[in-house]
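Structure record follows, encoded as structure tokens.
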Amino acid sequence: MSRFELLMDDIRDAIELIKDNKKILVMPIVGGYATMLFSVITIVAFVFITVFGIIGTVAVTASFNPLLLIGIIISIFVIAILIGAVSLIFEIGIIGLVKELMDGNPYHFDHFKNALQQYYLRGLGTSIGMSFIVGLIFLILLIPLAIYLLTVGVLSGGWGMVLLSLWVQSLIGFWQVLMIENGAGGFASVGENLRFGSKNLKILILIFFIGSMLSTNAMLYFGWAGAIASIGFAGIVNTHIKVVIIKSYRRYSKAF
Amino acid sequence: MNNGNYNKFLKLFDYFKQAYRVNREHKELYKPQVYLILLRALLILAVIFSFLGIFEDMFMLPDLTLRKFASVFMNQFVGTPLLMLLISIIVLLFGTTFVEAGLYNMYYKRITADETNDHFMYGATKYFFPFLGGNIIIGLCWMIAIVPYVIAGFLTLFIGFSLIPLIINIFLMVWKVSIVSDNKGIFVALGNSFAFGKKHFLPAGVYLIIVGSLSSVGGGGSSGSFNSSGWQQSNNYNGGGSISPLPDDSSNWFIRWLEESDPFQVFKTLAIIISVIITIAVVVSSLIQMIFDIYFGLVTTITYLNDWQIECAEEVTE
């Protein structure tokens with residue numbers, strides 16, 4: 001059987017597994033809306049504080065203090081880390097639930113808590129570290145990326161950008177899953193993600209393509225109601241994708 | 001989703017696998033679409049170059065009145081540009097239907113492993129007019145239904161604008177397959193498609209959402225947007241003096257070229273560059289779109305031939 005056919009079987013198995021354990025979908029749906037709500041509140045608060053801060057500073061000093069700009073940049077980083085930290089709570093917990101389910105253990109909320117206790121801090125540390133590394137690489141590659149965007153991106157009618165994002169996701173996009181699957185350290189899991197991702201690039205690109213396109217587009221057919229539902233729906237799709245990734249990893253990884 | 005519909009939904013994954021096998025074994029399915037895409041691109045470029053030739057003559061006129069404009073345009077337009085335009089319109093309007101007619105026959109023959117009359121031209125010539133007729137009937141129905149559709153869209157707080165086409169597509173999902181496989185007329189095929197949509201409403205809806213979601217990134221540019229961007233360029237330039245003031249010590253080759261060149265040459269070069277870039281983008285995105293079209297065309301054909309039977313889907317191909 002080809003890898004594509006195995007993938008179709010994996011997706012079907014994931015659907016059946018989650019259908020038999022519907023409770024597992026509660027946390028992805030709650031997590032999606034909770035993260036969005038937290039992001040909105042934080043960003044709105046930041047905008048208000050910044051706007052009134054600038055107006056207040058200019059009113060008092062009659063000029064724009066350059067230090068304020070540095071403050072704003074630092075605040076944006078802090079907000080990004082805060083939002084990332086909240087979303088990571090659900091990410092780690094859900095992976096814990098999925099892994100236990102795939103190991104044959106029935107759904108129990110303790111799996112969510114246990115995964116958080118064991119992996120949250122190392123996951124957070126790795127996330128912050130990865131943000132800086134990826135940010136640095138992005139800055140270094142800014143000109144080649146801009147050239148890629150203007151050539152391949154434009155000439156492929158947008159598909160070049162989709163492919164680039166799927167390629168990045170395949171190489172460094174599921175290290176959290178591998179961290180919990182292997183019980184390994186954060187950066188060791190990033191390395192494993194790179195190794196496994198580069199060896200199984202085509203099938204991973206396909207998995208992430210299916211996941212991202214479905215979670216982004218499927219609910220568009222239901223108008224504004226779909227737009228609201230799409231956050232919860234994305235959580236459902238991503239949970240299935242996590243099952244598929246673990247199944248693929250267990251099949252193709254040398255460790256098994 | 002009840003158990004029956006849920007099992008039908010799971011059955012889709014068997015159809016996906018079957019379609020993949022047929023797709024992998026029959027690469028010739030891609031040829032007609034590739035030729036059509038390349039032909040369309042060449043025709044679009046040919047039309048643009050023809051029109052640029054006309055505009056070049058019009059720019060040479062000392063004073064451009066509407067009367068002179070019309071006269072020069074008509075003199076230059078009759079001939080190769082008109083021929084190119086007519087060919088392009090015919091290919092754009094009927095090319096897709098022609099290729100689809102041939103392809104659906106190929107899908108059917110490849111899936112059922114029937115080697116009689118399995119070539120592209122047989123299907124293209126035999127089913128072109130039924131496909132065209134069906135498209136016209138559906139188009140007319142849409143024109144009649146446009147007012148109720150808009151009203152329903154507003155009444156459902158805009159949800160209907162995207163949901164109604166989805167529901168209609170469920171009922172029209174397999175009429176082309178039915179024409180080819182049942183060898184019946186347009187109305188029988190539309191009836192069969194309606195019956196199929198009614199019988200498998202939910203799984204067909206889920207399938208169409210999957211198809212729409214997976215194949216909707218760039219969507220490719222149409223020739224319309226292509227032309228409109230070309231016109232935009234022309235109008236901006238015609239506005240006169242619309243180029244921003246240039247720095248005195250322009251060492252930049254591009255600015256020097258702008259300064260030294262004849263205005264029409266600047267317009268013409270930019271129009272050619274933009275046309276070529278957009279044409280390449282349209283070709284690439286159409287080629288990617290083609291992969292989805294053929295793959296899901298095969299899935300749709302398999303689904304109809306199997307009538308979403310839970311037990312015996314594998315028997316359709318082998």
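Scheme for the structure tokens: letters A, B, ... for chains in order shown; per-chain residue numbers from 1; ligand numbers from 1 in order shown.
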
Determine which residues of chain B sit within 8 Å of chain A, taking into account only C-alpha atoms, and present them as a PDB file with all heavy atoms, in the first residue's frame.
```
ATOM      1  N   LEU B  10     -17.165   7.645   6.034  1.00  0.00           N
ATOM      2  CA  LEU B  10     -15.928   6.858   6.146  1.00  0.00           C
ATOM      3  C   LEU B  10     -15.589   6.177   4.819  1.00  0.00           C
ATOM      4  O   LEU B  10     -14.422   6.009   4.473  1.00  0.00           O
ATOM      5  CB  LEU B  10     -16.064   5.804   7.248  1.00  0.00           C
ATOM      6  CG  LEU B  10     -16.091   6.326   8.683  1.00  0.00           C
ATOM      7  CD1 LEU B  10     -16.098   5.168   9.662  1.00  0.00           C
ATOM      8  CD2 LEU B  10     -14.904   7.239   8.990  1.00  0.00           C
ATOM      9  N   PHE B  13     -13.101   7.576   2.244  1.00  0.00           N
ATOM     10  CA  PHE B  13     -11.655   7.342   2.276  1.00  0.00           C
ATOM     11  C   PHE B  13     -11.260   6.172   1.365  1.00  0.00           C
ATOM     12  O   PHE B  13     -10.158   6.163   0.830  1.00  0.00           O
ATOM     13  CB  PHE B  13     -11.176   7.138   3.718  1.00  0.00           C
ATOM     14  CG  PHE B  13     -11.293   8.411   4.509  1.00  0.00           C
ATOM     15  CD1 PHE B  13     -12.419   8.674   5.266  1.00  0.00           C
ATOM     16  CD2 PHE B  13     -10.306   9.377   4.446  1.00  0.00           C
ATOM     17  CE1 PHE B  13     -12.564   9.869   5.950  1.00  0.00           C
ATOM     18  CE2 PHE B  13     -10.435  10.569   5.124  1.00  0.00           C
ATOM     19  CZ  PHE B  13     -11.563  10.825   5.878  1.00  0.00           C
ATOM     20  N   ASP B  14     -12.172   5.215   1.178  1.00  0.00           N
ATOM     21  CA  ASP B  14     -11.912   4.165   0.187  1.00  0.00           C
ATOM     22  C   ASP B  14     -11.917   4.754  -1.217  1.00  0.00           C
ATOM     23  O   ASP B  14     -11.094   4.399  -2.057  1.00  0.00           O
ATOM     24  CB  ASP B  14     -12.986   3.069   0.279  1.00  0.00           C
ATOM     25  CG  ASP B  14     -12.742   2.142   1.445  1.00  0.00           C
ATOM     26  OD1 ASP B  14     -11.580   2.084   1.913  1.00  0.00           O
ATOM     27  OD2 ASP B  14     -13.694   1.503   1.914  1.00  0.00           O
ATOM     28  N   PHE B  16     -11.203   7.806  -1.975  1.00  0.00           N
ATOM     29  CA  PHE B  16      -9.973   8.601  -2.114  1.00  0.00           C
ATOM     30  C   PHE B  16      -8.803   7.690  -2.515  1.00  0.00           C
ATOM     31  O   PHE B  16      -7.990   8.042  -3.371  1.00  0.00           O
ATOM     32  CB  PHE B  16      -9.631   9.314  -0.802  1.00  0.00           C
ATOM     33  CG  PHE B  16     -10.540  10.482  -0.479  1.00  0.00           C
ATOM     34  CD1 PHE B  16     -10.789  10.855   0.836  1.00  0.00           C
ATOM     35  CD2 PHE B  16     -11.144  11.226  -1.474  1.00  0.00           C
ATOM     36  CE1 PHE B  16     -11.615  11.920   1.147  1.00  0.00           C
ATOM     37  CE2 PHE B  16     -11.978  12.296  -1.180  1.00  0.00           C
ATOM     38  CZ  PHE B  16     -12.217  12.646   0.129  1.00  0.00           C
ATOM     39  N   LYS B  17      -8.760   6.513  -1.891  1.00  0.00           N
ATOM     40  CA  LYS B  17      -7.665   5.584  -2.190  1.00  0.00           C
ATOM     41  C   LYS B  17      -7.780   5.054  -3.616  1.00  0.00           C
ATOM     42  O   LYS B  17      -6.795   4.979  -4.341  1.00  0.00           O
ATOM     43  CB  LYS B  17      -7.697   4.420  -1.179  1.00  0.00           C
ATOM     44  CG  LYS B  17      -7.129   4.819   0.170  1.00  0.00           C
ATOM     45  CD  LYS B  17      -7.625   3.966   1.305  1.00  0.00           C
ATOM     46  CE  LYS B  17      -7.187   2.535   1.233  1.00  0.00           C
ATOM     47  NZ  LYS B  17      -7.663   1.766   2.397  1.00  0.00           N
ATOM     48  N   TYR B  20      -6.815   7.667  -6.062  1.00  0.00           N
ATOM     49  CA  TYR B  20      -5.362   7.842  -6.066  1.00  0.00           C
ATOM     50  C   TYR B  20      -4.710   6.779  -6.944  1.00  0.00           C
ATOM     51  O   TYR B  20      -3.804   7.085  -7.733  1.00  0.00           O
ATOM     52  CB  TYR B  20      -4.840   7.761  -4.631  1.00  0.00           C
ATOM     53  CG  TYR B  20      -3.338   7.820  -4.543  1.00  0.00           C
ATOM     54  CD1 TYR B  20      -2.661   9.031  -4.664  1.00  0.00           C
ATOM     55  CD2 TYR B  20      -2.586   6.652  -4.363  1.00  0.00           C
ATOM     56  CE1 TYR B  20      -1.285   9.081  -4.601  1.00  0.00           C
ATOM     57  CE2 TYR B  20      -1.217   6.700  -4.286  1.00  0.00           C
ATOM     58  CZ  TYR B  20      -0.559   7.911  -4.404  1.00  0.00           C
ATOM     59  OH  TYR B  20       0.801   7.961  -4.338  1.00  0.00           O
ATOM     60  N   PHE B 158     -26.934  36.542   5.619  1.00  0.00           N
ATOM     61  CA  PHE B 158     -25.781  36.318   4.730  1.00  0.00           C
ATOM     62  C   PHE B 158     -25.283  34.863   4.685  1.00  0.00           C
ATOM     63  O   PHE B 158     -24.448  34.537   3.860  1.00  0.00           O
ATOM     64  CB  PHE B 158     -24.599  37.238   5.095  1.00  0.00           C
ATOM     65  CG  PHE B 158     -24.972  38.690   5.126  1.00  0.00           C
ATOM     66  CD1 PHE B 158     -25.135  39.367   6.318  1.00  0.00           C
ATOM     67  CD2 PHE B 158     -25.194  39.386   3.937  1.00  0.00           C
ATOM     68  CE1 PHE B 158     -25.500  40.703   6.345  1.00  0.00           C
ATOM     69  CE2 PHE B 158     -25.551  40.719   3.947  1.00  0.00           C
ATOM     70  CZ  PHE B 158     -25.714  41.380   5.157  1.00  0.00           C
ATOM     71  N   ILE B 159     -25.806  34.020   5.577  1.00  0.00           N
ATOM     72  CA  ILE B 159     -25.312  32.633   5.573  1.00  0.00           C
ATOM     73  C   ILE B 159     -25.703  31.947   4.262  1.00  0.00           C
ATOM     74  O   ILE B 159     -24.943  31.178   3.692  1.00  0.00           O
ATOM     75  CB  ILE B 159     -25.865  31.846   6.792  1.00  0.00           C
ATOM     76  CG1 ILE B 159     -25.302  32.449   8.077  1.00  0.00           C
ATOM     77  CG2 ILE B 159     -25.521  30.360   6.707  1.00  0.00           C
ATOM     78  CD1 ILE B 159     -25.899  31.892   9.348  1.00  0.00           C
ATOM     79  N   GLY B 160     -26.902  32.288   3.777  1.00  0.00           N
ATOM     80  CA  GLY B 160     -27.401  31.666   2.549  1.00  0.00           C
ATOM     81  C   GLY B 160     -26.534  31.920   1.333  1.00  0.00           C
ATOM     82  O   GLY B 160     -26.504  31.099   0.411  1.00  0.00           O
ATOM     83  N   PHE B 161     -25.815  33.036   1.331  1.00  0.00           N
ATOM     84  CA  PHE B 161     -24.991  33.354   0.152  1.00  0.00           C
ATOM     85  C   PHE B 161     -23.965  32.251  -0.140  1.00  0.00           C
ATOM     86  O   PHE B 161     -23.664  31.979  -1.293  1.00  0.00           O
ATOM     87  CB  PHE B 161     -24.276  34.694   0.341  1.00  0.00           C
ATOM     88  CG  PHE B 161     -25.186  35.863   0.154  1.00  0.00           C
ATOM     89  CD1 PHE B 161     -25.355  36.801   1.164  1.00  0.00           C
ATOM     90  CD2 PHE B 161     -25.895  36.038  -1.025  1.00  0.00           C
ATOM     91  CE1 PHE B 161     -26.208  37.881   0.999  1.00  0.00           C
ATOM     92  CE2 PHE B 161     -26.748  37.123  -1.202  1.00  0.00           C
ATOM     93  CZ  PHE B 161     -26.907  38.039  -0.186  1.00  0.00           C
ATOM     94  N   SER B 162     -23.424  31.651   0.906  1.00  0.00           N
ATOM     95  CA  SER B 162     -22.460  30.571   0.665  1.00  0.00           C
ATOM     96  C   SER B 162     -23.097  29.190   0.808  1.00  0.00           C
ATOM     97  O   SER B 162     -22.667  28.242   0.163  1.00  0.00           O
ATOM     98  CB  SER B 162     -21.273  30.701   1.618  1.00  0.00           C
ATOM     99  OG  SER B 162     -21.731  30.963   2.924  1.00  0.00           O
ATOM    100  N   LEU B 163     -24.147  29.102   1.628  1.00  0.00           N
ATOM    101  CA  LEU B 163     -24.747  27.784   1.903  1.00  0.00           C
ATOM    102  C   LEU B 163     -25.645  27.313   0.750  1.00  0.00           C
ATOM    103  O   LEU B 163     -25.652  26.122   0.415  1.00  0.00           O
ATOM    104  CB  LEU B 163     -25.539  27.843   3.211  1.00  0.00           C
ATOM    105  CG  LEU B 163     -25.839  26.512   3.871  1.00  0.00           C
ATOM    106  CD1 LEU B 163     -24.560  25.738   4.157  1.00  0.00           C
ATOM    107  CD2 LEU B 163     -26.607  26.714   5.174  1.00  0.00           C
ATOM    108  N   LEU B 166     -23.809  25.689  -2.031  1.00  0.00           N
ATOM    109  CA  LEU B 166     -23.341  24.361  -1.594  1.00  0.00           C
ATOM    110  C   LEU B 166     -24.465  23.333  -1.723  1.00  0.00           C
ATOM    111  O   LEU B 166     -24.270  22.243  -2.262  1.00  0.00           O
ATOM    112  CB  LEU B 166     -22.841  24.425  -0.146  1.00  0.00           C
ATOM    113  CG  LEU B 166     -22.451  23.084   0.474  1.00  0.00           C
ATOM    114  CD1 LEU B 166     -21.176  22.537  -0.153  1.00  0.00           C
ATOM    115  CD2 LEU B 166     -22.274  23.199   1.983  1.00  0.00           C
ATOM    116  N   ILE B 209     -17.613  20.018   0.791  1.00  0.00           N
ATOM    117  CA  ILE B 209     -16.884  20.954   1.657  1.00  0.00           C
ATOM    118  C   ILE B 209     -15.387  20.601   1.669  1.00  0.00           C
ATOM    119  O   ILE B 209     -14.531  21.491   1.588  1.00  0.00           O
ATOM    120  CB  ILE B 209     -17.469  20.947   3.091  1.00  0.00           C
ATOM    121  CG1 ILE B 209     -18.839  21.630   3.085  1.00  0.00           C
ATOM    122  CG2 ILE B 209     -16.539  21.642   4.080  1.00  0.00           C
ATOM    123  CD1 ILE B 209     -19.580  21.581   4.403  1.00  0.00           C
ATOM    124  N   ILE B 210     -15.097  19.302   1.711  1.00  0.00           N
ATOM    125  CA  ILE B 210     -13.684  18.878   1.670  1.00  0.00           C
ATOM    126  C   ILE B 210     -13.051  19.330   0.345  1.00  0.00           C
ATOM    127  O   ILE B 210     -11.969  19.918   0.337  1.00  0.00           O
ATOM    128  CB  ILE B 210     -13.568  17.340   1.832  1.00  0.00           C
ATOM    129  CG1 ILE B 210     -13.981  16.932   3.249  1.00  0.00           C
ATOM    130  CG2 ILE B 210     -12.149  16.859   1.541  1.00  0.00           C
ATOM    131  CD1 ILE B 210     -14.081  15.436   3.476  1.00  0.00           C
ATOM    132  N   GLY B 212     -13.975  21.733  -1.708  1.00  0.00           N
ATOM    133  CA  GLY B 212     -13.855  23.200  -1.751  1.00  0.00           C
ATOM    134  C   GLY B 212     -12.738  23.703  -0.848  1.00  0.00           C
ATOM    135  O   GLY B 212     -11.997  24.616  -1.220  1.00  0.00           O
ATOM    136  N   SER B 213     -12.608  23.086   0.319  1.00  0.00           N
ATOM    137  CA  SER B 213     -11.592  23.548   1.271  1.00  0.00           C
ATOM    138  C   SER B 213     -10.181  23.265   0.776  1.00  0.00           C
ATOM    139  O   SER B 213      -9.291  24.097   0.917  1.00  0.00           O
ATOM    140  CB  SER B 213     -11.763  22.854   2.622  1.00  0.00           C
ATOM    141  OG  SER B 213     -13.027  23.107   3.122  1.00  0.00           O
ATOM    142  N   LEU B 214      -9.996  22.076   0.197  1.00  0.00           N
ATOM    143  CA  LEU B 214      -8.639  21.697  -0.192  1.00  0.00           C
ATOM    144  C   LEU B 214      -8.165  22.398  -1.458  1.00  0.00           C
ATOM    145  O   LEU B 214      -6.969  22.537  -1.674  1.00  0.00           O
ATOM    146  CB  LEU B 214      -8.543  20.174  -0.387  1.00  0.00           C
ATOM    147  CG  LEU B 214      -8.732  19.315   0.856  1.00  0.00           C
ATOM    148  CD1 LEU B 214      -8.422  17.866   0.551  1.00  0.00           C
ATOM    149  CD2 LEU B 214      -7.852  19.773   2.010  1.00  0.00           C
ATOM    150  N   SER B 216      -8.835  25.596  -2.565  1.00  0.00           N
ATOM    151  CA  SER B 216      -9.173  27.024  -2.675  1.00  0.00           C
ATOM    152  C   SER B 216      -8.099  27.948  -2.099  1.00  0.00           C
ATOM    153  O   SER B 216      -8.357  28.702  -1.194  1.00  0.00           O
ATOM    154  CB  SER B 216     -10.496  27.299  -1.970  1.00  0.00           C
ATOM    155  OG  SER B 216     -10.396  26.941  -0.618  1.00  0.00           O
ATOM    156  N   VAL B 217      -6.894  27.855  -2.665  1.00  0.00           N
ATOM    157  CA  VAL B 217      -5.852  28.804  -2.211  1.00  0.00           C
ATOM    158  C   VAL B 217      -5.863  30.046  -3.086  1.00  0.00           C
ATOM    159  O   VAL B 217      -6.528  31.024  -2.813  1.00  0.00           O
ATOM    160  CB  VAL B 217      -4.448  28.176  -2.212  1.00  0.00           C
ATOM    161  CG1 VAL B 217      -3.385  29.204  -1.909  1.00  0.00           C
ATOM    162  CG2 VAL B 217      -4.387  27.128  -1.133  1.00  0.00           C
ATOM    163  N   GLY B 218      -5.128  29.967  -4.208  1.00  0.00           N
ATOM    164  CA  GLY B 218      -5.075  31.144  -5.082  1.00  0.00           C
ATOM    165  C   GLY B 218      -6.270  31.182  -6.003  1.00  0.00           C
ATOM    166  O   GLY B 218      -6.843  32.213  -6.256  1.00  0.00           O
ATOM    167  N   GLY B 219      -6.654  30.015  -6.481  1.00  0.00           N
ATOM    168  CA  GLY B 219      -7.774  29.939  -7.412  1.00  0.00           C
ATOM    169  C   GLY B 219      -7.391  30.374  -8.821  1.00  0.00           C
ATOM    170  O   GLY B 219      -8.135  30.186  -9.741  1.00  0.00           O
ATOM    171  N   GLY B 220      -6.235  30.919  -8.972  1.00  0.00           N
ATOM    172  CA  GLY B 220      -5.785  31.341 -10.299  1.00  0.00           C
ATOM    173  C   GLY B 220      -6.470  32.596 -10.736  1.00  0.00           C
ATOM    174  O   GLY B 220      -7.612  32.845 -10.426  1.00  0.00           O
ATOM    175  N   GLY B 221      -5.788  33.450 -11.463  1.00  0.00           N
ATOM    176  CA  GLY B 221      -6.395  34.685 -11.943  1.00  0.00           C
ATOM    177  C   GLY B 221      -7.185  34.406 -13.185  1.00  0.00           C
ATOM    178  O   GLY B 221      -6.875  33.496 -13.926  1.00  0.00           O
ATOM    179  N   ILE B 277       4.108  38.139 -16.201  1.00  0.00           N
ATOM    180  CA  ILE B 277       4.098  37.669 -14.804  1.00  0.00           C
ATOM    181  C   ILE B 277       2.732  37.082 -14.454  1.00  0.00           C
ATOM    182  O   ILE B 277       2.624  35.980 -13.916  1.00  0.00           O
ATOM    183  CB  ILE B 277       4.452  38.831 -13.837  1.00  0.00           C
ATOM    184  CG1 ILE B 277       5.935  39.163 -13.962  1.00  0.00           C
ATOM    185  CG2 ILE B 277       4.118  38.466 -12.386  1.00  0.00           C
ATOM    186  CD1 ILE B 277       6.356  40.398 -13.189  1.00  0.00           C
ATOM    187  N   ILE B 278       1.668  37.820 -14.805  1.00  0.00           N
ATOM    188  CA  ILE B 278       0.330  37.335 -14.445  1.00  0.00           C
ATOM    189  C   ILE B 278       0.006  36.058 -15.215  1.00  0.00           C
ATOM    190  O   ILE B 278      -0.589  35.126 -14.664  1.00  0.00           O
ATOM    191  CB  ILE B 278      -0.736  38.431 -14.680  1.00  0.00           C
ATOM    192  CG1 ILE B 278      -0.458  39.605 -13.731  1.00  0.00           C
ATOM    193  CG2 ILE B 278      -2.135  37.894 -14.411  1.00  0.00           C
ATOM    194  CD1 ILE B 278      -1.344  40.798 -13.937  1.00  0.00           C
ATOM    195  N   ILE B 280       2.109  33.755 -16.217  1.00  0.00           N
ATOM    196  CA  ILE B 280       2.825  32.634 -15.580  1.00  0.00           C
ATOM    197  C   ILE B 280       2.089  32.229 -14.294  1.00  0.00           C
ATOM    198  O   ILE B 280       1.886  31.043 -14.024  1.00  0.00           O
ATOM    199  CB  ILE B 280       4.295  33.013 -15.277  1.00  0.00           C
ATOM    200  CG1 ILE B 280       5.060  33.199 -16.581  1.00  0.00           C
ATOM    201  CG2 ILE B 280       4.975  31.927 -14.436  1.00  0.00           C
ATOM    202  CD1 ILE B 280       6.455  33.773 -16.416  1.00  0.00           C
ATOM    203  N   ALA B 281       1.672  33.239 -13.502  1.00  0.00           N
ATOM    204  CA  ALA B 281       0.954  32.941 -12.246  1.00  0.00           C
ATOM    205  C   ALA B 281      -0.333  32.163 -12.535  1.00  0.00           C
ATOM    206  O   ALA B 281      -0.658  31.206 -11.833  1.00  0.00           O
ATOM    207  CB  ALA B 281       0.640  34.236 -11.502  1.00  0.00           C
ATOM    208  N   VAL B 282      -1.039  32.592 -13.589  1.00  0.00           N
ATOM    209  CA  VAL B 282      -2.297  31.901 -13.941  1.00  0.00           C
ATOM    210  C   VAL B 282      -2.005  30.467 -14.382  1.00  0.00           C
ATOM    211  O   VAL B 282      -2.698  29.523 -13.975  1.00  0.00           O
ATOM    212  CB  VAL B 282      -3.050  32.687 -15.046  1.00  0.00           C
ATOM    213  CG1 VAL B 282      -4.215  31.873 -15.579  1.00  0.00           C
ATOM    214  CG2 VAL B 282      -3.553  34.010 -14.507  1.00  0.00           C
ATOM    215  N   VAL B 284       0.625  28.552 -13.594  1.00  0.00           N
ATOM    216  CA  VAL B 284       1.073  27.711 -12.470  1.00  0.00           C
ATOM    217  C   VAL B 284      -0.108  27.355 -11.568  1.00  0.00           C
ATOM    218  O   VAL B 284      -0.309  26.189 -11.219  1.00  0.00           O
ATOM    219  CB  VAL B 284       2.190  28.417 -11.663  1.00  0.00           C
ATOM    220  CG1 VAL B 284       2.539  27.617 -10.413  1.00  0.00           C
ATOM    221  CG2 VAL B 284       3.427  28.598 -12.522  1.00  0.00           C
ATOM    222  N   SER B 285      -0.914  28.372 -11.211  1.00  0.00           N
ATOM    223  CA  SER B 285      -2.029  28.059 -10.307  1.00  0.00           C
ATOM    224  C   SER B 285      -3.078  27.187 -11.000  1.00  0.00           C
ATOM    225  O   SER B 285      -3.700  26.345 -10.355  1.00  0.00           O
ATOM    226  CB  SER B 285      -2.663  29.325  -9.723  1.00  0.00           C
ATOM    227  OG  SER B 285      -2.945  30.224 -10.737  1.00  0.00           O
TER     228      SER B 285
END
```

Name all residues at most 12 Å from A:Lys19 (count only C-alpha atoms; drop same-chain ones fewer than 2 positions away) and give them as a ChimeraX atom specification. /A:12-17,21-25,101,236,239-240 /B:1,3,6,10

Residues at most 9 Å from A:Gly185, counting only C-alpha atoms, excluding those fewer than 3 positions away in the same chain, as a list in words? Tyr119, Arg122, Gly123, Thr126, Met179, Ile180, Asn182, Ala188, Ser189 and Val190 of chain A

Proximity to A:Lys242 - best of A:Gln176, A:Ser75, A:Ser198, A:Thr35, only C-alpha atoms: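 Closest to A:Lys242 of all the choices is A:Gln176.
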
Give me every helix (DSSP H, G or I) residue in stretch 279-316 of chain B, going by DSSP on the backbone, as a PyMOL selection string. chain B and resi 279-306+313-316

Write a file of the just-selected residues containing C-alpha atoms, as a PDB file, in the first residue's frame.
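This is the output file result.pdb:
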```
ATOM      1  CA  THR B 279       0.155  34.772 -17.249  1.00  0.00           C
ATOM      2  CA  ILE B 280       2.825  32.634 -15.580  1.00  0.00           C
ATOM      3  CA  ALA B 281       0.954  32.941 -12.246  1.00  0.00           C
ATOM      4  CA  VAL B 282      -2.297  31.901 -13.941  1.00  0.00           C
ATOM      5  CA  VAL B 283      -0.605  28.953 -15.661  1.00  0.00           C
ATOM      6  CA  VAL B 284       1.073  27.711 -12.470  1.00  0.00           C
ATOM      7  CA  SER B 285      -2.029  28.059 -10.307  1.00  0.00           C
ATOM      8  CA  SER B 286      -4.179  26.474 -13.052  1.00  0.00           C
ATOM      9  CA  LEU B 287      -1.778  23.527 -13.226  1.00  0.00           C
ATOM     10  CA  ILE B 288      -2.067  23.073  -9.470  1.00  0.00           C
ATOM     11  CA  GLN B 289      -5.846  23.457  -9.672  1.00  0.00           C
ATOM     12  CA  MET B 290      -5.820  20.789 -12.392  1.00  0.00           C
ATOM     13  CA  ILE B 291      -4.385  18.226  -9.964  1.00  0.00           C
ATOM     14  CA  PHE B 292      -7.357  18.771  -7.650  1.00  0.00           C
ATOM     15  CA  ASP B 293      -9.868  18.843 -10.526  1.00  0.00           C
ATOM     16  CA  ILE B 294      -8.716  15.507 -11.917  1.00  0.00           C
ATOM     17  CA  TYR B 295      -8.353  13.821  -8.554  1.00  0.00           C
ATOM     18  CA  PHE B 296     -11.756  14.902  -7.278  1.00  0.00           C
ATOM     19  CA  GLY B 297     -13.300  14.252 -10.710  1.00  0.00           C
ATOM     20  CA  LEU B 298     -12.191  10.655 -10.276  1.00  0.00           C
ATOM     21  CA  VAL B 299     -13.523  10.517  -6.708  1.00  0.00           C
ATOM     22  CA  THR B 300     -16.900  11.902  -7.821  1.00  0.00           C
ATOM     23  CA  THR B 301     -17.117   9.366 -10.648  1.00  0.00           C
ATOM     24  CA  ILE B 302     -16.247   6.467  -8.335  1.00  0.00           C
ATOM     25  CA  THR B 303     -18.777   7.709  -5.788  1.00  0.00           C
ATOM     26  CA  TYR B 304     -21.578   7.805  -8.353  1.00  0.00           C
ATOM     27  CA  LEU B 305     -20.697   4.455  -9.905  1.00  0.00           C
ATOM     28  CA  ASN B 306     -20.645   2.851  -6.488  1.00  0.00           C
ATOM     29  CA  ALA B 313     -16.957  -0.100  -3.253  1.00  0.00           C
ATOM     30  CA  GLU B 314     -13.795  -2.020  -4.140  1.00  0.00           C
ATOM     31  CA  GLU B 315     -15.621  -3.990  -6.849  1.00  0.00           C
ATOM     32  CA  VAL B 316     -16.089  -0.907  -9.027  1.00  0.00           C
TER      33      VAL B 316
END
```

Name all residues at most 9 Å from stretch 246-255 of chain A (count only C-alpha atoms; drop same-chain ones fewer than 3 positions away) and give them as a list in words. Leu6, Leu7, Asp10, Ala14, Val98, Lys99, Met102, Val177, Leu178, Glu181, Phe196, Asn200, Ile203, Leu204, Ile241, Lys242 and Val243 of chain A

Please write the residues from the selection above to a file, keeping C-alpha atoms, as a compact mmCIF listing (two decimals), in the first residue's frame.
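Okay, result14.txt is ready:
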```txt
# COMPACT_ATOMS: atom_id res chain seq x y z
CA LEU A 6 -1.90 4.49 4.50
CA LEU A 7 -2.55 8.15 5.28
CA ASP A 10 -4.83 6.81 9.36
CA ALA A 14 -8.35 9.02 13.74
CA VAL A 98 -4.38 12.13 22.51
CA LYS A 99 -1.27 10.12 23.36
CA MET A 102 -3.67 6.12 21.33
CA VAL A 177 3.85 16.13 19.92
CA LEU A 178 7.23 14.37 19.71
CA GLU A 181 5.33 10.98 22.53
CA PHE A 196 11.76 12.99 11.00
CA ASN A 200 9.14 12.17 5.54
CA ILE A 203 3.58 12.91 3.58
CA LEU A 204 3.91 15.51 6.36
CA ILE A 241 -4.20 15.82 12.81
CA LYS A 242 -2.33 15.14 16.06
CA VAL A 243 -3.61 11.56 16.01
```
